[in-house]
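> Contents are mmCIF, C-alpha atoms and all ligand atoms; file name my_file23.cif:
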```
data_my_file
#
loop_
_atom_site.label_atom_id
_atom_site.label_comp_id
_atom_site.auth_asym_id
_atom_site.auth_seq_id
_atom_site.Cartn_x
_atom_site.Cartn_y
_atom_site.Cartn_z
CA MET L 1 55.30 -32.10 206.18
CA THR L 2 55.12 -35.87 206.87
CA ALA L 3 56.42 -38.11 204.10
CA ILE L 4 53.85 -40.66 202.91
CA GLN L 5 55.04 -44.18 203.62
CA ILE L 6 54.46 -46.48 200.66
CA PRO L 7 54.98 -50.21 201.23
CA GLU L 8 57.80 -51.61 199.13
CA THR L 9 56.14 -54.13 196.80
CA ARG L 10 57.07 -54.85 193.19
CA GLU L 11 53.77 -53.29 191.97
CA SER L 12 54.15 -50.12 194.01
CA ALA L 13 57.76 -49.69 192.84
CA ALA L 14 56.52 -49.80 189.24
CA ASP L 15 53.73 -47.35 190.11
CA ILE L 16 56.19 -44.97 191.73
CA ALA L 17 58.45 -45.13 188.68
CA ARG L 18 55.43 -44.40 186.44
CA LEU L 19 54.33 -41.48 188.66
CA ARG L 20 57.87 -40.08 188.64
CA ARG L 21 57.92 -40.26 184.84
CA GLN L 22 54.54 -38.54 184.66
CA LEU L 23 55.67 -35.82 187.00
CA ALA L 24 58.86 -35.27 185.02
CA ARG L 25 56.84 -35.08 181.80
CA GLN L 26 54.39 -32.60 183.32
CA GLU L 27 57.32 -30.43 184.28
CA THR L 28 58.63 -30.74 180.72
CA VAL L 29 55.22 -29.75 179.30
CA LEU L 30 55.23 -26.68 181.56
CA GLU L 31 58.74 -25.77 180.48
CA ILE L 32 57.86 -26.25 176.82
CA THR L 33 54.69 -24.17 177.22
CA ARG L 34 56.82 -21.37 178.69
CA SER L 35 59.27 -21.53 175.79
CA PHE L 36 56.37 -21.40 173.29
CA ALA L 37 55.12 -18.22 174.94
CA ALA L 38 58.60 -16.67 174.74
CA ALA L 39 59.04 -17.24 170.97
CA PRO L 40 58.86 -13.75 169.43
CA THR L 41 57.65 -14.77 165.95
CA LEU L 42 55.65 -17.56 164.37
CA GLU L 43 58.77 -18.79 162.56
CA GLN L 44 60.73 -19.05 165.79
CA LEU L 45 57.77 -20.72 167.46
CA LEU L 46 57.72 -23.44 164.76
CA LEU L 47 61.41 -24.12 165.25
CA ALA L 48 61.11 -24.07 169.05
CA VAL L 49 58.19 -26.52 169.01
CA ALA L 50 60.05 -28.94 166.72
CA GLU L 51 63.24 -28.80 168.77
CA GLN L 52 61.57 -29.15 172.17
CA THR L 53 59.33 -31.98 171.02
CA CYS L 54 62.24 -33.95 169.65
CA ALA L 55 64.06 -33.75 172.96
CA ALA L 56 60.96 -34.44 175.02
CA VAL L 57 60.03 -37.78 173.37
CA ASN L 58 63.61 -38.78 172.57
CA ALA L 59 63.03 -38.71 168.82
CA ASP L 60 65.45 -38.09 165.97
CA ARG L 61 63.42 -35.59 163.93
CA THR L 62 60.27 -33.56 164.35
CA THR L 63 58.42 -31.30 161.97
CA PHE L 64 55.58 -29.12 163.19
CA PHE L 65 53.34 -28.29 160.23
CA LEU L 66 50.72 -25.56 160.19
CA VAL L 67 47.62 -25.72 158.03
CA ASP L 68 47.42 -22.95 155.43
CA GLU L 69 43.68 -22.75 154.74
CA LYS L 70 44.14 -20.38 151.79
CA SER L 71 46.42 -22.65 149.76
CA ASN L 72 45.08 -25.91 151.24
CA GLU L 73 48.63 -26.90 152.17
CA LEU L 74 50.67 -27.76 155.21
CA TRP L 75 53.74 -25.61 155.71
CA SER L 76 56.63 -25.52 158.09
CA LYS L 77 60.12 -24.20 158.59
CA SER L 78 63.03 -26.47 159.22
CA ALA L 79 66.47 -25.47 160.40
CA SER L 80 69.47 -27.36 159.15
CA ASN L 81 73.06 -26.31 158.53
CA LEU L 82 72.26 -22.80 159.82
CA GLU L 83 69.73 -22.43 157.03
CA ILE L 84 65.98 -22.04 157.52
CA LYS L 85 63.95 -23.66 154.77
CA GLU L 86 60.24 -23.56 154.09
CA ILE L 87 58.49 -26.89 153.48
CA ARG L 88 55.07 -27.10 151.81
CA ILE L 89 52.95 -30.19 151.14
CA PRO L 90 49.39 -30.41 149.82
CA LYS L 91 46.71 -31.33 152.36
CA GLY L 92 45.82 -35.02 151.99
CA VAL L 93 49.26 -35.99 150.68
CA GLY L 94 51.69 -38.10 152.73
CA MET L 95 51.40 -38.99 156.40
CA ALA L 96 51.11 -35.42 157.74
CA GLY L 97 48.76 -34.41 154.92
CA HIS L 98 46.56 -37.43 155.71
CA VAL L 99 46.36 -36.56 159.42
CA ALA L 100 45.55 -32.93 158.58
CA VAL L 101 42.38 -34.22 156.90
CA SER L 102 41.45 -37.26 159.02
CA GLY L 103 42.42 -35.86 162.44
CA GLU L 104 43.54 -39.33 163.58
CA VAL L 105 46.72 -40.20 165.48
CA LEU L 106 49.11 -42.47 163.60
CA ASN L 107 51.59 -44.41 165.70
CA VAL L 108 53.54 -46.38 163.11
CA GLN L 109 56.03 -49.09 164.15
CA ASN L 110 57.41 -49.72 160.68
CA CYS L 111 56.86 -47.12 157.98
CA TYR L 112 57.91 -49.56 155.24
CA GLU L 113 54.82 -51.61 156.06
CA HIS L 114 52.46 -48.63 156.21
CA PRO L 115 50.19 -48.26 153.14
CA ILE L 116 50.47 -44.43 152.92
CA TRP L 117 54.18 -44.04 153.62
CA SER L 118 55.39 -47.02 151.58
CA LYS L 119 53.48 -45.82 148.49
CA GLY L 120 54.63 -42.21 148.84
CA MET L 121 57.94 -40.46 148.26
CA GLY L 122 59.38 -41.66 151.62
CA PRO L 123 61.18 -44.86 150.44
CA LYS L 124 62.75 -42.98 147.53
CA ILE L 125 63.97 -40.14 149.76
CA ASP L 126 65.42 -42.68 152.22
CA GLU L 127 67.25 -44.34 149.33
CA GLN L 128 68.68 -41.03 148.13
CA THR L 129 69.70 -39.76 151.54
CA GLY L 130 70.76 -43.04 153.15
CA TYR L 131 68.47 -42.28 156.11
CA THR L 132 66.06 -44.92 157.41
CA THR L 133 62.59 -43.84 158.42
CA ARG L 134 61.19 -46.54 160.65
CA THR L 135 58.94 -45.41 163.49
CA MET L 136 56.69 -42.42 163.19
CA LEU L 137 54.19 -40.61 165.38
CA VAL L 138 51.88 -38.26 163.49
CA MET L 139 49.19 -36.36 165.34
CA PRO L 140 46.87 -33.43 164.77
CA VAL L 141 47.06 -30.11 166.62
CA LYS L 142 43.55 -28.80 167.17
CA ALA L 143 42.20 -25.38 168.08
CA GLY L 144 39.63 -25.08 170.88
CA SER L 145 36.88 -25.34 168.25
CA GLY L 146 38.20 -28.74 167.13
CA ARG L 147 39.53 -27.35 163.83
CA ILE L 148 42.84 -28.91 162.81
CA ILE L 149 45.42 -26.09 162.69
CA GLY L 150 48.61 -28.14 162.57
CA VAL L 151 50.25 -31.57 162.53
CA PHE L 152 53.19 -33.03 164.45
CA GLN L 153 55.31 -35.50 162.51
CA ILE L 154 57.84 -37.16 164.80
CA ILE L 155 60.28 -39.56 163.21
CA ASN L 156 62.34 -42.39 164.71
CA ARG L 157 62.33 -42.86 168.45
CA LEU L 158 65.94 -43.12 169.66
CA HIS L 159 67.37 -45.73 172.01
CA PRO L 160 67.41 -44.52 175.65
CA ASP L 161 71.12 -43.67 175.23
CA GLY L 162 70.25 -41.32 172.32
CA ARG L 163 71.49 -43.71 169.62
CA LEU L 164 69.59 -44.00 166.34
CA ALA L 165 68.91 -47.62 165.37
CA GLY L 166 70.45 -48.73 162.06
CA ARG L 167 68.55 -50.03 159.04
CA ASN L 168 69.26 -53.67 159.91
CA ASP L 169 69.02 -53.25 163.67
CA PRO L 170 66.71 -56.00 165.00
CA THR L 171 65.27 -53.86 167.79
CA TRP L 172 63.73 -50.46 167.10
CA PRO L 173 62.35 -48.42 169.99
CA VAL L 174 58.71 -47.56 169.32
CA PHE L 175 56.54 -44.63 170.44
CA THR L 176 54.43 -45.69 173.44
CA ASP L 177 50.91 -44.76 174.57
CA GLU L 178 52.60 -42.57 177.18
CA ASP L 179 54.37 -40.72 174.35
CA VAL L 180 51.03 -40.16 172.63
CA GLU L 181 49.48 -38.86 175.85
CA PHE L 182 52.46 -36.61 176.42
CA MET L 183 52.32 -35.25 172.89
CA GLU L 184 48.61 -34.51 173.31
CA SER L 185 49.48 -32.15 176.20
CA ILE L 186 52.19 -30.49 174.12
CA ALA L 187 49.83 -30.22 171.14
CA ALA L 188 47.27 -28.42 173.31
CA SER L 189 49.75 -25.79 174.45
CA ALA L 190 51.26 -25.51 170.94
CA ALA L 191 47.77 -24.81 169.58
CA ILE L 192 47.30 -21.88 171.98
CA ALA L 193 50.77 -20.52 171.21
CA VAL L 194 50.20 -20.75 167.45
CA GLN L 195 46.86 -19.00 167.65
CA ASN L 196 48.38 -16.23 169.76
CA ALA L 197 51.28 -15.85 167.31
CA TYR L 198 48.84 -15.64 164.40
CA LEU L 199 46.82 -13.02 166.22
CA ILE L 200 49.89 -10.91 167.01
CA GLU L 201 51.17 -11.18 163.42
CA ARG L 202 47.78 -10.21 162.02
CA THR L 203 47.53 -7.25 164.42
CA LYS L 204 51.03 -6.11 163.39
CA ASP L 205 50.17 -6.48 159.69
CA MET L 206 46.97 -4.49 160.19
CA PHE L 207 48.87 -1.78 162.02
CA ALA L 208 51.58 -1.64 159.34
CA SER L 209 49.03 -1.35 156.54
CA THR L 210 47.09 1.36 158.40
CA VAL L 211 50.29 3.38 158.83
CA GLN L 212 51.13 2.93 155.14
CA VAL L 213 47.68 4.10 154.10
CA LEU L 214 47.92 7.18 156.33
CA ALA L 215 51.37 8.08 154.96
CA THR L 216 50.33 7.52 151.35
CA THR L 217 47.16 9.59 151.81
CA LEU L 218 49.25 12.44 153.17
CA ASP L 219 51.91 12.23 150.46
CA ARG L 220 49.30 12.04 147.69
CA ARG L 221 47.58 15.19 148.94
CA ASN L 222 50.35 17.25 147.49
CA PRO L 223 52.32 15.88 144.51
CA GLU L 224 55.23 18.11 145.51
CA THR L 225 55.76 16.29 148.77
CA ALA L 226 54.96 12.88 147.27
CA GLY L 227 57.09 10.20 148.90
CA HIS L 228 58.42 12.57 151.62
CA SER L 229 57.06 10.47 154.51
CA LYS L 230 58.40 7.24 152.98
CA ARG L 231 61.83 8.79 152.36
CA VAL L 232 62.05 10.25 155.86
CA SER L 233 61.09 6.83 157.20
CA LEU L 234 63.80 5.17 155.09
CA ILE L 235 66.50 7.68 156.04
CA THR L 236 65.65 7.39 159.74
CA GLU L 237 65.74 3.60 159.47
CA ILE L 238 69.17 3.71 157.82
CA LEU L 239 70.49 6.02 160.56
CA ALA L 240 69.00 3.80 163.28
CA ARG L 241 70.58 0.68 161.78
CA ARG L 242 73.98 2.39 161.48
CA MET L 243 73.62 3.40 165.12
CA GLY L 244 73.10 -0.26 166.06
CA LEU L 245 69.65 0.20 167.59
CA SER L 246 67.51 -2.89 168.36
CA PRO L 247 65.10 -4.29 165.74
CA LEU L 248 62.15 -2.96 167.80
CA GLU L 249 63.64 0.57 167.95
CA ILE L 250 64.33 0.47 164.21
CA GLU L 251 60.77 -0.63 163.47
CA LYS L 252 59.36 2.09 165.73
CA LEU L 253 61.41 4.75 163.94
CA ARG L 254 60.26 3.43 160.58
CA TYR L 255 56.65 4.00 161.71
CA ALA L 256 57.44 7.37 163.30
CA GLY L 257 59.01 8.46 159.99
CA LEU L 258 55.94 7.45 158.03
CA LEU L 259 53.67 9.28 160.46
CA HIS L 260 55.73 12.37 161.35
CA ASP L 261 53.80 14.81 159.17
CA VAL L 262 50.35 13.31 159.64
CA GLY L 263 49.37 16.55 161.39
CA LYS L 264 49.62 18.36 158.04
CA ILE L 265 46.14 16.99 157.41
CA GLY L 266 45.04 19.96 159.53
CA VAL L 267 46.90 22.58 157.43
CA PRO L 268 44.86 24.24 154.63
CA GLU L 269 45.83 23.13 151.13
CA ALA L 270 46.36 26.75 150.02
CA VAL L 271 48.97 27.30 152.76
CA LEU L 272 50.82 24.03 152.09
CA THR L 273 51.15 24.74 148.38
CA LYS L 274 51.67 28.50 148.52
CA ALA L 275 54.53 29.57 146.26
CA GLY L 276 55.14 33.05 147.68
CA LYS L 277 55.97 34.26 151.17
CA LEU L 278 53.86 33.15 154.08
CA THR L 279 52.13 35.46 156.51
CA ASP L 280 52.65 35.13 160.25
CA GLU L 281 49.32 33.38 160.54
CA GLU L 282 50.13 30.96 157.71
CA PHE L 283 53.46 30.12 159.34
CA GLY L 284 51.61 29.51 162.58
CA GLN L 285 49.30 27.11 160.77
CA ILE L 286 52.22 25.19 159.29
CA LYS L 287 54.05 25.04 162.60
CA ARG L 288 50.97 23.69 164.33
CA HIS L 289 51.22 20.45 162.31
CA ALA L 290 53.83 18.97 164.68
CA ALA L 291 51.48 19.31 167.66
CA THR L 292 48.61 17.97 165.54
CA THR L 293 50.73 14.93 164.62
CA ARG L 294 51.13 14.18 168.31
CA GLU L 295 47.42 14.77 169.03
CA ILE L 296 46.33 12.44 166.22
CA LEU L 297 48.80 9.70 167.09
CA ASP L 298 47.97 9.92 170.80
CA GLN L 299 44.52 8.62 169.90
CA ILE L 300 45.93 5.38 168.45
CA GLU L 301 46.14 2.35 170.71
CA PHE L 302 49.71 1.26 169.97
CA LEU L 303 50.98 -2.29 170.53
CA GLU L 304 53.12 -2.90 173.60
CA GLY L 305 56.62 -1.51 173.03
CA TYR L 306 55.46 0.98 170.39
CA GLU L 307 53.78 3.45 172.74
CA ASP L 308 56.30 6.30 172.32
CA ILE L 309 55.75 6.68 168.56
CA PRO L 310 53.49 9.76 169.07
CA ARG L 311 56.13 11.49 171.21
CA VAL L 312 58.98 10.72 168.79
CA ALA L 313 56.98 11.71 165.69
CA GLY L 314 55.75 14.89 167.38
CA GLN L 315 59.36 15.95 168.12
CA HIS L 316 60.59 16.15 164.53
CA HIS L 317 60.73 19.99 164.61
CA GLU L 318 62.23 20.27 168.09
CA LYS L 319 65.80 21.61 168.30
CA LEU L 320 68.41 20.78 170.90
CA SER L 321 68.82 24.56 171.45
CA GLY L 322 65.19 24.77 172.59
CA LYS L 323 64.25 26.95 169.63
CA GLY L 324 62.13 24.30 167.94
CA TYR L 325 58.43 23.58 168.12
CA PRO L 326 55.79 22.66 169.25
CA LEU L 327 57.11 22.53 172.86
CA GLY L 328 60.56 24.10 172.56
CA GLU L 329 62.03 21.03 174.26
CA VAL L 330 65.73 21.15 175.11
CA GLY L 331 68.58 18.62 174.95
CA ASP L 332 67.78 15.29 176.57
CA ASP L 333 64.03 16.01 176.54
CA ILE L 334 64.25 15.26 172.84
CA THR L 335 64.34 11.50 172.28
CA LEU L 336 67.07 9.90 170.19
CA GLY L 337 64.35 9.00 167.67
CA GLY L 338 63.21 12.62 167.56
CA ARG L 339 66.78 13.77 166.81
CA LEU L 340 67.30 11.24 164.02
CA LEU L 341 63.91 12.10 162.58
CA ALA L 342 64.73 15.83 162.60
CA VAL L 343 67.92 15.33 160.60
CA ALA L 344 66.23 12.93 158.14
CA ASP L 345 63.29 15.31 157.69
CA ILE L 346 65.43 18.40 157.03
CA TYR L 347 67.75 16.57 154.64
CA ASP L 348 64.87 15.21 152.56
CA ALA L 349 63.01 18.53 152.51
CA LEU L 350 66.15 20.28 151.24
CA ARG L 351 66.81 17.62 148.61
CA GLN L 352 63.30 17.86 147.20
CA ARG L 353 61.97 20.57 144.92
CA ARG L 354 59.03 22.43 146.39
CA VAL L 355 56.82 25.10 144.87
CA TYR L 356 58.67 27.72 146.94
CA LYS L 357 62.22 26.42 146.39
CA PRO L 358 64.29 24.28 144.02
CA ALA L 359 65.86 20.99 145.07
CA MET L 360 69.29 21.41 146.58
CA SER L 361 72.39 19.41 145.74
CA ILE L 362 73.76 17.03 148.37
CA GLU L 363 76.55 19.54 149.16
CA GLN L 364 74.13 22.41 149.64
CA ALA L 365 71.85 20.31 151.84
CA LEU L 366 74.83 19.27 154.00
CA SER L 367 76.01 22.85 154.22
CA ILE L 368 72.64 23.90 155.65
CA LEU L 369 72.62 20.96 158.07
CA HIS L 370 76.05 22.15 159.28
CA SER L 371 74.73 25.68 159.83
CA ASP L 372 71.95 24.17 161.97
CA LEU L 373 74.60 22.15 163.77
CA ASP L 374 76.67 25.27 164.46
CA ARG L 375 73.61 26.91 165.98
CA GLY L 376 73.29 23.92 168.33
CA ASP L 377 69.96 22.86 166.84
CA LEU L 378 70.81 19.34 165.68
CA ASP L 379 72.44 16.31 167.24
CA PRO L 380 76.06 16.15 165.92
CA LYS L 381 76.02 12.33 166.02
CA ALA L 382 72.88 12.21 163.87
CA VAL L 383 74.38 14.56 161.26
CA ALA L 384 77.66 12.62 161.23
CA LEU L 385 75.75 9.37 160.71
CA LEU L 386 73.84 10.88 157.81
CA GLU L 387 77.12 11.93 156.20
CA GLN L 388 78.50 8.40 156.64
CA CYS L 389 75.43 6.83 155.05
CA LEU L 390 74.92 9.32 152.20
CA ASP L 391 75.38 6.81 149.37
CA GLU L 392 72.94 4.38 150.91
CA ILE L 393 70.44 7.14 151.66
CA GLU L 394 70.58 8.58 148.14
CA ALA L 395 70.23 5.11 146.57
CA ALA L 396 67.21 4.34 148.74
CA CYS L 397 65.51 7.73 148.24
CA GLU L 398 66.12 8.29 144.55
CA PRO L 399 63.41 5.90 143.29
CA LEU L 400 60.91 7.59 145.61
CA ARG L 401 61.57 11.16 144.40
CA PRO L 402 59.21 12.74 141.87
CA THR L 403 60.51 12.15 138.33
CA ASP L 404 60.58 15.83 137.28
CA GLU L 405 63.28 16.60 139.84
CA PRO L 406 66.04 18.84 138.38
CA VAL L 407 69.10 16.80 137.38
CA GLU L 408 72.39 17.47 139.13
CA THR L 409 75.53 18.29 137.20
CA PRO L 410 78.42 15.75 137.44
CA ASN L 411 80.29 17.83 140.05
CA GLY L 412 77.27 17.72 142.33
CA ALA L 413 76.20 21.35 141.93
CA ASN L 414 72.59 21.86 141.03
CA PRO L 415 72.20 24.47 138.30
CA HIS L 416 68.68 25.31 139.46
CA THR L 417 69.65 25.94 143.03
CA PRO L 418 70.93 29.21 144.47
CA PRO L 419 74.06 29.00 146.64
CA PRO L 420 73.39 28.33 150.34
CA ALA L 421 74.32 31.89 151.37
CA ALA L 422 71.51 33.26 149.23
CA ASN L 423 69.00 30.89 150.76
CA GLY L 424 68.88 32.08 154.35
CA ALA L 425 65.92 33.95 155.69
CA GLY L 426 66.60 37.63 156.37
CA GLY L 427 70.13 37.47 154.91
CA GLY L 428 71.64 35.70 157.95
CA ALA L 429 72.89 32.14 158.16
CA PRO L 430 70.90 29.73 156.07
CA SER L 431 68.23 27.88 158.00
CA SER L 432 66.53 24.61 157.26
CA SER L 433 63.23 25.28 158.90
CA PRO L 434 61.29 28.45 159.57
CA GLN L 435 61.08 30.25 162.88
CA THR L 436 59.70 33.39 161.33
CA PRO L 437 58.00 34.22 158.05
CA ALA L 438 60.40 34.39 155.13
CA PRO L 439 61.09 37.89 153.82
CA ALA L 440 59.53 38.80 150.49
CA THR L 441 62.87 39.04 148.71
CA ALA L 442 64.53 35.81 149.83
CA PRO L 443 63.51 32.29 148.78
CA SER L 444 61.79 30.42 151.60
CA PRO L 445 63.78 27.78 153.44
CA ALA L 446 62.48 24.21 153.47
CA ARG L 447 59.14 23.78 155.16
CA SER L 448 59.75 20.25 156.34
FE FE Q 1 57.06 18.38 159.58
#
```
Can you give me the file's structure in the form of structure tokens?

Amino acid sequence: MTAIQIPETRESAADIARLRRQLARQETVLEITRSFAAAPTLEQLLLAVAEQTCAAVNADRTTFFLVDEKSNELWSKSASNLEIKEIRIPKGVGMAGHVAVSGEVLNVQNCYEHPIWSKGMGPKIDEQTGYTTRTMLVMPVKAGSGRIIGVFQIINRLHPDGRLAGRNDPTWPVFTDEDVEFMESIAASAAIAVQNAYLIERTKDMFASTVQVLATTLDRRNPETAGHSKRVSLITEILARRMGLSPLEIEKLRYAGLLHDVGKIGVPEAVLTKAGKLTDEEFGQIKRHAATTREILDQIEFLEGYEDIPRVAGQHHEKLSGKGYPLGEVGDDITLGGRLLAVADIYDALRQRRVYKPAMSIEQALSILHSDLDRGDLDPKAVALLEQCLDEIEAACEPLRPTDEPVETPNGANPHTPPPAANGAGGGAPSSSPQTPAPATAPSPARS
């Protein structure tokens, strides 16, 4: 490539310097746009925008306000001293509030001479804090439709060496037309990022409320299992936290817990609430719910990163030994989430009174979990975690258990509950979940 020869005149040298500055600023805009896109939440986006803008125009402070149409306010988050605070101001009030209504750009060289700022709270705050607000650039952030969705408030341009001018300093650097132009580019990309963040948050909220409704519908169908999905979700979340899983994994398991029994919608009411022994066919119907959970959830378009919820939820009756259902998956085929869910599900089913069995004490429930462990059905790490977190689990689940639950005696034994040895199907080792129909003489194990 041949370099373009530019004659060395005073004018062209100034032009080159200006072009270089423009190029550098375009690169900065690109970089800032990229960082906006990478902010995982709206809160982090607000902080990132404020921080990047400050650095980009060499200013001392920046606040990026968003318009809250519902409350007719501007709101923002500011980070100081490792604390994140929410700021709210009514639309129309102060410099940012004024711009949110008028849509104009305010480039103020001396705030103390500006009619809005000087009559507002600004001078008083400066007096209290000892800070001097002098120059200010306030500009609207508009959506593609022209609607004002936010406001930038940039305070005090710094000297080129990064120094903040003092109150009595004769020369104060001011924001230039180039700064305004530059901020317009940043505002355009901030507007897109904010709208995307809003859209993602709304989609997540809609998804979360849909899951809640599904879980509540299921739990309400049978008062005996009321709260089971929520408790399993809570227990799984506690186990996942203790295990140190990522926030995304924890959130996924919370959803999988809420949805794990959604397939019970396909099981006849009479079978679900039957007090006596179940026939082979009835057991088959109950066991089918795990596959139905997977089938139902497979039809949901999950957000990116949440796609394996159907698989995890559908595995809650699988056993490491391969004797579980619906697929009889073995060992590593069962996801970590599926293993945690299985332990949480069995524990809660044992701890809750059902029409076919009384609630078990914590000790009895643990004893049955250990029998399952000895058979190689459950993940030893998941059971150990549950034992470590018992206090937290019980405290979280207790408010969600039906109020007519039998009360435990002080030593932990439940007077309404038969000893574990008497609870096993067919007189063998006690089992937490059915492989075969329960014999007529023995109480049924938990149908989780
Ligand atoms: Fe289940």
> Give the answer as one residue: which of L:Asp348, L:Glu11, L:Glu51, L:Asp60 has the shortest atom-to-atom distance to ligand FE 1 (chain Q), using only C-alpha atoms and all ligand atoms?
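That would be L:Asp348, the residue with the smallest distance to ligand FE 1 (chain Q).
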> Pick out the residues sitting within 9 Å of Pro90 (chain L), and hand them over as a ChimeraX atom specification; count all atoms listed in the file, and ignore anything fewer than 5 positions along from it in its own chain.
/L:71-75,97
> Just to confirm, what's the straight-line distance from CA of Arg375 (chain L) to CA of Lys323 (chain L) in Å (one decimal)?
10.0 Å
> Using all atoms listed in the file, which protein or nucleic acid residues come within 10 Å of Ala39 (chain L)? Drop anything in the same chain fewer than 4 positions from it, and give the result as a list in words.
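Contacts, with the query itself left out: Arg34, Ser35, Glu43, Gln44, Leu45, Leu46, Leu47, Ala48, Val49, Ala193 and Ala197 of chain L.
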> Compare L:Leu341, L:Ala395, L:Val174, L:Ile155 by their minimum atom-to-atom distance to ligand FE 1 (chain Q), counting only C-alpha atoms and all ligand atoms, and give me the closest one.
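With only C-alpha atoms and all ligand atoms as the atom set, the closest residue is L:Leu341.
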